[in-house]
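S.K.: This is the structure I have questions about; it appears just below.
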Amino acid sequence: MILPGFGLVSQDKLRSAKVLIVGMGGLGCPALQYLVAAGVGKIGIMDADQVSASNLHRQLLFNASEIGQNKVVVAAVKMNQLDNAVLIDSYPFALNKQNAPEIIKNYDLVIDGTDNFSAKYLINDACVLLNKPWVYGAVSRYQGQLCVFNLAEQDTPAINYRDLFPVAPGSGEIKTCEETGVIGVLPGIIGTMQAAEAIKLITGLGKLIYGRLFNYDLLRAGSYEIAIAKQDNPLMIDRDFFESMNYVEDCVMEADGIEEINVATFNSLRTNPNVFVLDVRERHEYPAIDFSDAQIPMSELQDSIAKLPEKEICIICHQGIRSVYAARLIKSQRHVRVYSLKGGLTAYFKEAL
Amino acid sequence: MRIHVLFFGSLTDATVVPDIYLETVADTAALKELLIQQYPLLRTAKYFIAVNQKMVQENTTLKTGDTVALMPPFSGG
């Protein structure tokens with residue numbers, strides 16, 4: 001390859017790079033094809049699904065004769081035909097909380113080719129935990145979003161997906177491609193751009209889509225960029241946080257009707273005898289507080305919902321994330337007013353000082 | 001006073017149009033209220049707000065010529 005500014009050094013970097021692509025769908029397929037063609041040395045590919053007729057319009061790696069076969073298995077064979085020097089690690093199953101750290105730690109970066117929020121938040125949190133950058137991509141209607149997250153830089157704290165959207169939307173809030181349909185070329189464009197960002201990240205060429213959300217509009221053939229601000233109270237995504245999250249798309253969850261309240265409102269609610277204050281932190285978490293009516297860790301909440309009193313419930317946790325998920329869970333099973341303290345106890349103690 | 005408001009992704013399900021111009025609105029909190037009155041489906045929509053292509057977290061004063069973007073999360077792939 002003779003391209004000014006590229007050369008052997010870049011080619012060598014690509015050859016020694018290790019990339020994990022999660023999801024072999026409309027985004028993951030083109031990303032994989034371009035990265036193999038570019039000479040990336042080792043690529044992990046992950047997807048539990050089989051090739052189906054309904055996704056052939058946007059997953060051009062596959063054809064009708066492969067319907068019913070495992071996507072990852074088919075993709076691995078084809079990629080070895082494209083470049084027999086590439087090492088493909090096949091993971092014919094879904095990423096989950098248990099396997100994510102073990103798998104992701106073997107790669108330099110992750111490309112998100114998933115089609116649901118729980119997977120995107122799982123990738124984000126696992127990458128933050130392991131200090132790995134990841135390339136986010138997603139489509140909706142005729143638009144796509146693209147961003148590199150969690151890039152280790154000097155001086156500035158790394159920006160991650162939770163700086164944009166601290167809490168995942170409820171599963172009923174945003175529909176997936178399978179439900180709404182998408183023009184196949186759109187994820188093709190976004191997935192190809194994710195491959196381009198990965199190549200830039202590996203080689204150090206150019207300016208990454210980092211610190212800004214890139215929005216592509218197919219109908220306008222234009223783009224719109226938004227500079228991302230680090231959250232004022234950035235979340236601590238540590239092992240405790242990761243362990244306590246659920247990362248499972250739960251179809252019974254409803255997002256409607258949960259009130260995120262500020263510290264002032266919380267202070268008036270917590271002294272109201274008609275409001276039950278529930279702490280959903282794990283038992284070893286500090287600091288201990290004396291203003292909750294009960295502590296039921298998120299991991300045990302499902303089994304205890306029936307035992308909650310017939311009162312309005314105000315949920316608190318460390319940072320106000322788990323409490324939203326807990327509020328959704330309770331709301332889906334109980335017809336009571338449910339509140340979540342925004343910013344959690346971190347915000348509470350900050351205000352109290 | 002003239003403010004350009006852009007709706008991205010699935011927010012156009014609620015608004016139908018991709019953008020509107022508003023004559024008077026003091027800040028982003030007032031804008032949100034106004035938009036909910038005009039497009040009730042926006043009440044439950046999830047999005048962040050950017051003023052002049054910069055994400056804002058707190059209520060932000062608006063002035064003539066500002067462009068406000070409502071950006072929802074996308075999840076399709």
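Identifiers in the structure tokens: chain A, B, ... in order shown; residue index from 1 per chain; ligand index from 1 in order shown.
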When you look at region 39-44 of chain A with a cut-off of 7 Å (counting only C-alpha atoms), what residues show up, excluding the ones that are within fewer than 6 positions of it in the same chain? I need them as a ChimeraX atom specification.

M.R.: /A:14-21,86-90

S.K.: So which residues touch region 22-24 of chain B within 10 Å, counting only C-alpha atoms, skipping near sequence neighbours fewer than 2 positions away, as a PyMOL selection string?

M.R.: chain B and resi 1-5+20+26-27+30-31+34+62-64

S.K.: Go ahead and write the selection's residues with C-alpha atoms as a PDB file, in the first residue's frame.

M.R.:
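Result file follows (out18.pdb):
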```
ATOM      1  CA  MET B   1     -35.845  36.810  18.946  1.00  0.00           C
ATOM      2  CA  ARG B   2     -35.467  33.780  16.770  1.00  0.00           C
ATOM      3  CA  ILE B   3     -34.211  30.395  17.867  1.00  0.00           C
ATOM      4  CA  HIS B   4     -33.695  27.388  15.620  1.00  0.00           C
ATOM      5  CA  VAL B   5     -34.658  24.059  17.191  1.00  0.00           C
ATOM      6  CA  ILE B  20     -38.794  24.660  13.945  1.00  0.00           C
ATOM      7  CA  ALA B  26     -35.927  32.519  27.696  1.00  0.00           C
ATOM      8  CA  ASP B  27     -33.922  29.404  28.381  1.00  0.00           C
ATOM      9  CA  ALA B  30     -38.709  27.046  29.199  1.00  0.00           C
ATOM     10  CA  LEU B  31     -38.041  25.607  25.768  1.00  0.00           C
ATOM     11  CA  LEU B  34     -43.009  24.843  25.439  1.00  0.00           C
ATOM     12  CA  LEU B  62     -31.076  31.431  25.007  1.00  0.00           C
ATOM     13  CA  LYS B  63     -30.527  34.400  22.731  1.00  0.00           C
ATOM     14  CA  THR B  64     -31.429  35.334  19.181  1.00  0.00           C
TER      15      THR B  64
END
```

S.K.: From the list A:Glu153, A:Asp83, A:Asp163, A:Asp49, which residue is nearest chain B when using only C-alpha atoms?

M.R.: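 Closest residue, counting only C-alpha atoms: A:Asp163.
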
S.K.: Please build the interface table for chain B against chain A with a cut-off of 7 Å, listing for each qualifying residue the nearest atom pair and the distance in Å to one decimal; count only C-alpha atoms, order rows by chain and increasing number, and write it as a Markdown table.

M.R.:
```
| residue | atom | partner | partner_atom | distance |
| --- | --- | --- | --- | --- |
| B:Gly9 | CA | A:Ser140 | CA | 5.5 |
| B:Ser10 | CA | A:Ser140 | CA | 6.6 |
| B:Thr44 | CA | A:Asp256 | CA | 6.5 |
| B:Lys46 | CA | A:Pro169 | CA | 7.0 |
| B:Ala50 | CA | A:Ile226 | CA | 6.9 |
| B:Gln53 | CA | A:Ile226 | CA | 4.5 |
| B:Lys54 | CA | A:Ala227 | CA | 4.7 |
| B:Met55 | CA | A:Ile228 | CA | 5.4 |
| B:Phe74 | CA | A:Ala138 | CA | 5.5 |
| B:Ser75 | CA | A:Asn116 | CA | 5.1 |
| B:Gly76 | CA | A:Asp115 | CA | 4.5 |
| B:Gly77 | CA | A:Asp115 | CA | 4.4 |
```

S.K.: Please write the residues from the selection above to a file, keeping C-alpha atoms, as a PDB file, in the first residue's frame.

M.R.:
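New file again.pdb:
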```
ATOM      1  CA  GLY B   9     -33.568  10.575  15.303  1.00  0.00           C
ATOM      2  CA  SER B  10     -36.873   9.221  16.555  1.00  0.00           C
ATOM      3  CA  THR B  44     -41.525  10.811  27.766  1.00  0.00           C
ATOM      4  CA  LYS B  46     -35.184  10.733  26.198  1.00  0.00           C
ATOM      5  CA  ALA B  50     -27.071  21.062  22.853  1.00  0.00           C
ATOM      6  CA  GLN B  53     -23.430  22.415  19.036  1.00  0.00           C
ATOM      7  CA  LYS B  54     -22.322  22.159  22.657  1.00  0.00           C
ATOM      8  CA  MET B  55     -24.016  19.756  25.029  1.00  0.00           C
ATOM      9  CA  PHE B  74     -29.816   5.658  19.033  1.00  0.00           C
ATOM     10  CA  SER B  75     -29.599   1.921  19.457  1.00  0.00           C
ATOM     11  CA  GLY B  76     -30.127   0.359  16.045  1.00  0.00           C
ATOM     12  CA  GLY B  77     -27.440  -1.681  14.339  1.00  0.00           C
TER      13      GLY B  77
END
```

S.K.: With distances taken over only C-alpha atoms, which of B:Val68, B:Leu6, B:Ile36, B:Val17 is nearest to Val51 (chain B)?

M.R.: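 Checking each candidate against Val51 (chain B), we get B:Val68 as the closest.
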
S.K.: Might you pull out every residue within 8 Å of Gly343 (chain A), with only C-alpha atoms counted and same-chain residues fewer than 5 positions away left off, and present them as a list in words?

M.R.: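 The residues satisfying every condition are Asn233, Asn262, His318, Gln319, Gly320, Ile321 and Tyr348 of chain A.
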
S.K.: Given the choices B:Val25, B:Val56, B:Ala69, B:Ala14, which gets closest to Pro40 (chain B) if the distance is worked out from only C-alpha atoms?

M.R.: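 Ranked by minimum distance to Pro40 (chain B), first place goes to B:Ala14.
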
S.K.: Looking only at strand (DSSP E or B) from DSSP on the backbone, list the matching residues of region 9-40 of chain B as a ChimeraX atom specification.

M.R.: /B:19-22,27

S.K.: Would you write out those residues with N, CA and C atoms, as a compact mmCIF listing (two decimals), in the first residue's frame?

M.R.:
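Output file out05.txt follows:
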```txt
# COMPACT_ATOMS: atom_id res chain seq x y z
N ASP B 19 -37.28 20.36 12.21
CA ASP B 19 -36.84 21.57 12.91
C ASP B 19 -37.95 22.61 12.94
N ILE B 20 -37.86 23.54 13.88
CA ILE B 20 -38.79 24.66 13.94
C ILE B 20 -38.03 25.92 14.36
N TYR B 21 -38.66 27.06 14.14
CA TYR B 21 -38.11 28.33 14.64
C TYR B 21 -39.06 28.86 15.70
N LEU B 22 -38.50 29.37 16.80
CA LEU B 22 -39.33 29.94 17.86
C LEU B 22 -38.94 31.41 18.05
N ASP B 27 -35.03 30.32 28.11
CA ASP B 27 -33.92 29.40 28.38
C ASP B 27 -34.32 27.98 28.00
```
